[in-house]
>>> print(open('start32.cif').read())   # mmCIF, C-alpha atoms
data_my_file
#
loop_
_atom_site.label_atom_id
_atom_site.label_comp_id
_atom_site.auth_asym_id
_atom_site.auth_seq_id
_atom_site.Cartn_x
_atom_site.Cartn_y
_atom_site.Cartn_z
CA MET A 1 -3.45 -3.64 -11.74
CA ALA A 2 -2.72 -5.36 -8.44
CA LYS A 3 -3.81 -8.97 -8.21
CA ILE A 4 -5.48 -8.34 -4.83
CA ILE A 5 -6.45 -5.07 -3.17
CA LEU A 6 -7.56 -4.85 0.45
CA THR A 7 -9.07 -1.54 1.50
CA THR A 8 -10.19 -0.75 5.00
CA ASN A 9 -13.19 1.16 6.29
CA ASP A 10 -11.22 1.66 9.48
CA ASN A 11 -7.64 2.47 10.37
CA TRP A 12 -5.33 -0.52 10.21
CA GLY A 13 -3.85 -0.61 13.66
CA LEU A 14 -4.06 -1.77 17.25
CA LEU A 15 -4.58 0.28 20.40
CA TYR A 16 -4.18 -0.58 24.09
CA LYS A 17 -4.87 2.06 26.75
CA PHE A 18 -3.26 1.52 30.15
CA VAL A 19 -5.68 0.88 33.00
CA ASP A 20 -3.44 2.08 35.84
CA ASP A 21 0.24 2.49 36.84
CA LYS A 22 0.78 -1.23 37.47
CA ASP A 23 -0.72 -2.09 34.09
CA ASN A 24 1.51 0.55 32.50
CA LYS A 25 4.64 -0.95 34.08
CA ASP A 26 3.64 -4.51 33.14
CA LYS A 27 2.92 -3.58 29.52
CA GLN A 28 6.13 -1.50 29.32
CA LYS A 29 8.04 -4.67 30.29
CA LEU A 30 6.16 -6.74 27.72
CA PHE A 31 6.74 -4.08 25.07
CA LYS A 32 10.48 -4.08 25.70
CA ALA A 33 10.67 -7.90 25.61
CA PHE A 34 8.57 -7.97 22.45
CA GLY A 35 10.90 -5.45 20.79
CA VAL A 36 13.95 -7.54 21.64
CA LYS A 37 12.42 -10.89 20.65
CA TRP A 38 10.95 -9.63 17.38
CA GLU A 39 13.55 -6.96 16.58
CA ASN A 40 13.69 -7.74 12.85
CA ILE A 41 9.90 -7.57 12.39
CA VAL A 42 9.61 -4.45 14.58
CA GLU A 43 12.27 -2.76 12.42
CA GLN A 44 10.24 -3.65 9.30
CA ILE A 45 7.08 -2.26 10.91
CA ASN A 46 8.82 0.98 11.87
CA GLU A 47 10.29 1.36 8.37
CA TYR A 48 6.86 2.26 6.95
CA ASP A 49 4.54 2.44 9.95
CA GLU A 50 4.84 2.81 13.71
CA LEU A 51 4.82 0.69 16.84
CA ILE A 52 4.90 3.15 19.73
CA ILE A 53 4.39 3.30 23.45
CA ASN A 54 3.87 6.38 25.62
CA GLU A 55 2.61 7.15 29.12
CA LYS A 56 -1.03 6.45 28.15
CA GLN A 57 -1.08 3.65 25.59
CA ILE A 58 0.55 1.30 23.09
CA GLU A 59 -0.21 1.77 19.39
CA LEU A 60 0.54 -0.14 16.22
CA ASN A 61 -0.38 2.15 13.33
CA PHE A 62 -0.31 1.10 9.72
CA LEU A 63 -0.37 4.33 7.78
CA GLU A 64 -1.78 2.96 4.52
CA LYS A 65 -5.54 2.48 4.00
CA GLU A 66 -5.03 0.14 1.05
CA LEU A 67 -2.87 -2.89 0.54
CA HIS A 68 -2.07 -3.67 -3.14
CA ILE A 69 -0.63 -7.14 -3.71
CA PRO A 70 1.97 -7.59 -5.21
CA ASP A 71 2.59 -3.87 -5.86
CA SER A 72 2.99 -3.07 -2.14
CA LEU A 73 5.55 -5.82 -1.55
CA PRO A 74 7.75 -6.24 0.32
CA TYR A 75 5.66 -4.85 3.18
CA VAL A 76 5.34 -6.48 6.60
CA MET A 77 1.65 -5.54 6.74
CA ALA A 78 0.97 -8.04 3.95
CA ASN A 79 2.75 -10.73 5.97
CA LEU A 80 0.75 -9.77 9.05
CA PHE A 81 -2.61 -9.98 7.26
CA GLN A 82 -1.69 -13.23 5.45
CA SER A 83 -2.73 -15.02 8.64
CA ASP A 84 -5.98 -16.96 8.28
CA ILE A 85 -6.21 -19.24 11.31
CA LYS A 86 -9.49 -20.87 10.22
CA ASN A 87 -8.38 -21.18 6.55
CA GLU A 88 -11.75 -19.78 5.46
CA ARG A 89 -10.72 -16.53 3.74
CA GLY A 90 -10.67 -18.04 0.26
CA PHE A 91 -7.60 -16.26 -1.13
CA SER A 92 -3.92 -15.78 -0.38
CA LEU A 93 -1.89 -12.60 -0.36
CA GLY A 94 0.97 -14.61 -1.88
CA VAL A 95 3.37 -14.09 1.03
CA GLU A 96 4.28 -16.04 4.14
CA ALA A 97 2.38 -15.23 7.32
CA LEU A 98 4.47 -14.19 10.28
CA PRO A 99 5.28 -16.94 12.83
CA SER A 100 2.25 -17.91 14.96
CA GLU A 101 4.28 -17.11 18.08
CA PHE A 102 4.58 -13.50 16.85
CA TYR A 103 0.77 -13.23 16.70
CA ASP A 104 0.53 -14.75 20.19
CA ASP A 105 3.04 -12.23 21.58
CA LEU A 106 1.39 -9.31 19.78
CA PHE A 107 -2.01 -10.43 21.09
CA GLU A 108 -0.63 -10.55 24.64
CA LEU A 109 0.82 -7.08 24.24
CA PHE A 110 -2.47 -5.55 23.05
CA SER A 111 -5.08 -7.62 24.89
CA ASP A 112 -6.98 -6.30 27.89
CA ASN A 113 -7.83 -8.26 31.05
CA ASP A 114 -10.87 -9.75 29.30
CA GLY A 115 -8.77 -11.03 26.39
CA ASN A 116 -10.02 -8.43 23.91
CA VAL A 117 -7.90 -6.58 21.36
CA TYR A 118 -9.07 -3.33 19.80
CA SER A 119 -8.25 -1.47 16.61
CA THR A 120 -7.16 2.14 16.71
CA ASP A 121 -10.82 2.96 16.04
CA GLU A 122 -11.53 1.10 19.31
CA SER A 123 -13.54 -1.70 17.69
CA ASP A 124 -12.66 -5.38 18.05
CA TYR A 125 -12.32 -5.90 14.28
CA TRP A 126 -11.29 -4.34 10.98
CA SER A 127 -13.70 -4.17 8.08
CA GLY A 128 -13.23 -3.39 4.43
CA THR A 129 -13.34 -4.72 0.90
CA VAL A 130 -11.24 -7.07 -1.21
CA PHE A 131 -11.11 -7.16 -4.99
CA GLY A 132 -8.66 -7.74 -7.85
CA ASP A 133 -7.58 -10.19 -10.50
CA LYS A 134 -7.10 -13.11 -8.09
CA VAL A 135 -10.66 -13.03 -6.71
CA GLU A 136 -14.01 -13.28 -8.46
CA GLY A 137 -16.18 -10.26 -7.87
CA TYR A 138 -15.79 -8.36 -4.62
CA GLY A 139 -15.76 -9.23 -0.96
CA SER A 140 -16.82 -7.37 2.14
CA PHE A 141 -14.60 -8.54 5.01
CA THR A 142 -14.37 -8.38 8.75
CA ALA A 143 -11.07 -9.48 10.33
CA TYR A 144 -10.70 -10.27 14.03
CA PHE A 145 -7.30 -10.43 15.74
CA LYS A 146 -7.11 -13.56 17.92
CA PRO A 147 -4.33 -15.51 19.61
CA GLY A 148 -2.35 -17.08 16.77
CA GLY A 149 -3.50 -14.67 14.04
CA PHE A 150 -6.58 -13.43 12.21
CA GLU A 151 -10.06 -14.85 11.74
CA TRP A 152 -11.76 -13.61 8.59
CA GLU A 153 -15.43 -13.34 7.66
CA ILE A 154 -16.09 -12.46 4.02
CA ASN A 155 -19.31 -11.97 2.08
CA TRP A 156 -18.66 -12.37 -1.64
CA TYR A 157 -20.53 -10.53 -4.39
CA SER A 158 -20.36 -10.93 -8.16
CA GLU A 159 -19.62 -7.88 -10.29
CA GLU A 160 -23.23 -8.00 -11.53
CA ASP A 161 -24.67 -8.26 -8.00
CA GLU A 162 -26.86 -5.23 -7.27
CA THR A 163 -26.40 -5.65 -3.51
CA TRP A 164 -22.67 -4.85 -3.81
CA ASN A 165 -23.51 -1.16 -3.69
CA ASP A 166 -25.20 -1.67 -0.30
CA VAL A 167 -22.00 -2.94 1.33
#
>>> encode(input="start32.cif", output="structure tokens")
Amino acid sequence: MAKIILTTNDNWGLLYKFVDDKDNKDKQKLFKAFGVKWENIVEQINEYDELIINEKQIELNFLEKELHIPDSLPYVMANLFQSDIKNERGFSLGVEALPSEFYDDLFELFSDNDGNVYSTDESDYWSGTVFGDKVEGYGSFTAYFKPGGFEWEINWYSEEDETWNDV
């Protein structure tokens, strides 16, 4: 069994829809610069998943709904979600987070004029569950993508906790 399993209620991914032609051109430029600057990481992303741009939007799609640690390794998604900028998550995925500058650049690429970033389900967070040998019980999480990485909110439940089924 994996030591930690993260499952999502949503799609793992980011989505940015262009507002107008100027926005499209500006984001196209950012996308190109991002691809050059972070070529190695982008190649790792595109090995299993997809970072794409078209005439309407930019998408980062992680095709898996579950992340099994360490069974899924090496997998750049684990490195991406290792980020815990408030250090409040309570567990580690056992890998190095990507450089904070990568998260800043990715945030800039996907943020709208109000500084919001949305998942491919068009919410401003991901939600799901965490369980496994390295955590006690189960957790219901919400992860928010912010400049510098991810902020996590987790509600923990023991295996005997009746309310776990309500999550």
>>> resolve_selection(input="start32.cif", expression="the PyMOL selection byres ((chain A and resi 64) around 10)", output="number ranges by chain")
A: 7-8, 11-12, 48-49, 61-63, 65-67, 77
>>> closest_residue(input="start32.cif", among="A:Tyr118, A:Asp84, A:Arg89, A:Asp104", to="A:Phe141", atoms="only C-alpha atoms")
A:Arg89
>>> closest_atom_pairs(input="start32.cif", of="stretch 51-124 of chain A", to="stretch 145-162 of chain A", cutoff="12 Å", atoms="only C-alpha atoms", output="JSON lines")
{"residue": "A:Asn79", "atom": "CA", "partner": "A:Gly149", "partner_atom": "CA", "distance": 10.9}
{"residue": "A:Leu80", "atom": "CA", "partner": "A:Gly149", "partner_atom": "CA", "distance": 8.2}
{"residue": "A:Phe81", "atom": "CA", "partner": "A:Phe150", "partner_atom": "CA", "distance": 7.2}
{"residue": "A:Gln82", "atom": "CA", "partner": "A:Phe150", "partner_atom": "CA", "distance": 8.3}
{"residue": "A:Ser83", "atom": "CA", "partner": "A:Gly149", "partner_atom": "CA", "distance": 5.5}
{"residue": "A:Asp84", "atom": "CA", "partner": "A:Phe150", "partner_atom": "CA", "distance": 5.3}
{"residue": "A:Ile85", "atom": "CA", "partner": "A:Glu151", "partner_atom": "CA", "distance": 5.9}
{"residue": "A:Lys86", "atom": "CA", "partner": "A:Glu151", "partner_atom": "CA", "distance": 6.2}
{"residue": "A:Asn87", "atom": "CA", "partner": "A:Glu151", "partner_atom": "CA", "distance": 8.4}
{"residue": "A:Glu88", "atom": "CA", "partner": "A:Trp152", "partner_atom": "CA", "distance": 6.9}
{"residue": "A:Arg89", "atom": "CA", "partner": "A:Trp152", "partner_atom": "CA", "distance": 5.8}
{"residue": "A:Gly90", "atom": "CA", "partner": "A:Ile154", "partner_atom": "CA", "distance": 8.6}
{"residue": "A:Phe91", "atom": "CA", "partner": "A:Ile154", "partner_atom": "CA", "distance": 10.6}
{"residue": "A:Ala97", "atom": "CA", "partner": "A:Gly149", "partner_atom": "CA", "distance": 8.9}
{"residue": "A:Leu98", "atom": "CA", "partner": "A:Gly149", "partner_atom": "CA", "distance": 8.8}
{"residue": "A:Pro99", "atom": "CA", "partner": "A:Gly148", "partner_atom": "CA", "distance": 8.6}
{"residue": "A:Ser100", "atom": "CA", "partner": "A:Gly148", "partner_atom": "CA", "distance": 5.0}
{"residue": "A:Glu101", "atom": "CA", "partner": "A:Gly148", "partner_atom": "CA", "distance": 6.8}
{"residue": "A:Phe102", "atom": "CA", "partner": "A:Gly148", "partner_atom": "CA", "distance": 7.8}
{"residue": "A:Tyr103", "atom": "CA", "partner": "A:Gly148", "partner_atom": "CA", "distance": 5.0}
{"residue": "A:Asp104", "atom": "CA", "partner": "A:Pro147", "partner_atom": "CA", "distance": 5.0}
{"residue": "A:Asp105", "atom": "CA", "partner": "A:Pro147", "partner_atom": "CA", "distance": 8.3}
{"residue": "A:Leu106", "atom": "CA", "partner": "A:Pro147", "partner_atom": "CA", "distance": 8.4}
{"residue": "A:Phe107", "atom": "CA", "partner": "A:Pro147", "partner_atom": "CA", "distance": 5.8}
{"residue": "A:Glu108", "atom": "CA", "partner": "A:Pro147", "partner_atom": "CA", "distance": 8.0}
{"residue": "A:Leu109", "atom": "CA", "partner": "A:Pro147", "partner_atom": "CA", "distance": 10.9}
{"residue": "A:Phe110", "atom": "CA", "partner": "A:Phe145", "partner_atom": "CA", "distance": 10.0}
{"residue": "A:Ser111", "atom": "CA", "partner": "A:Lys146", "partner_atom": "CA", "distance": 9.4}
{"residue": "A:Gly115", "atom": "CA", "partner": "A:Lys146", "partner_atom": "CA", "distance": 9.0}
{"residue": "A:Asn116", "atom": "CA", "partner": "A:Lys146", "partner_atom": "CA", "distance": 8.4}
{"residue": "A:Val117", "atom": "CA", "partner": "A:Phe145", "partner_atom": "CA", "distance": 6.8}
{"residue": "A:Tyr118", "atom": "CA", "partner": "A:Phe145", "partner_atom": "CA", "distance": 8.4}
{"residue": "A:Ser119", "atom": "CA", "partner": "A:Phe145", "partner_atom": "CA", "distance": 9.1}
{"residue": "A:Ser123", "atom": "CA", "partner": "A:Phe145", "partner_atom": "CA", "distance": 10.9}
{"residue": "A:Asp124", "atom": "CA", "partner": "A:Phe145", "partner_atom": "CA", "distance": 7.7}
>>> residues_near_point(input="start32.cif", point="(1.0, -3.0, -2.7)", cutoff="12 Å", atoms="only C-alpha atoms", output="ChimeraX atom specification")
/A:1-7,64-79,93-95,132
>>> resolve_selection(input="start32.cif", expression="the PyMOL selection byres ((chain A and resi 30) around 12)", output="list in words")
Asp23, Asn24, Lys25, Asp26, Lys27, Gln28, Lys29, Phe31, Lys32, Ala33, Phe34, Gly35, Val36, Lys37, Trp38, Ile53, Ile58, Asp105, Leu106, Phe107, Glu108, Leu109, Phe110 and Ser111 of chain A
>>> axis_aligned_box(input="start32.cif", around="stretch 14-25 of chain A", padding_each_side="3 Å", output="AutoDock Vina command-line options")
--center_x -0.5 --center_y 0.2 --center_z 27.4 --size_x 16.3 --size_y 10.6 --size_z 26.2
>>> resolve_selection(input="start32.cif", expression="the PyMOL selection byres ((chain A and resi 57) around 7)", output="ChimeraX atom specification")
/A:16-18,53-56,58-59
>>> atom_distance(input="start32.cif", atom1="atom CA of A:Leu15", atom2="atom CA of A:Val130")
23.8 Å
>>> atom_distance(input="start32.cif", atom1="atom CA of A:Leu60", atom2="atom CA of A:Ser92")
23.2 Å
>>> atom_distance(input="start32.cif", atom1="atom CA of A:Val19", atom2="atom CA of A:Ala143")
25.5 Å
>>> residues_around(input="start32.cif", residues="A:Thr120", least_positions_apart="2", cutoff="6 Å", atoms="only C-alpha atoms", output="ChimeraX atom specification")
/A:13-15,122
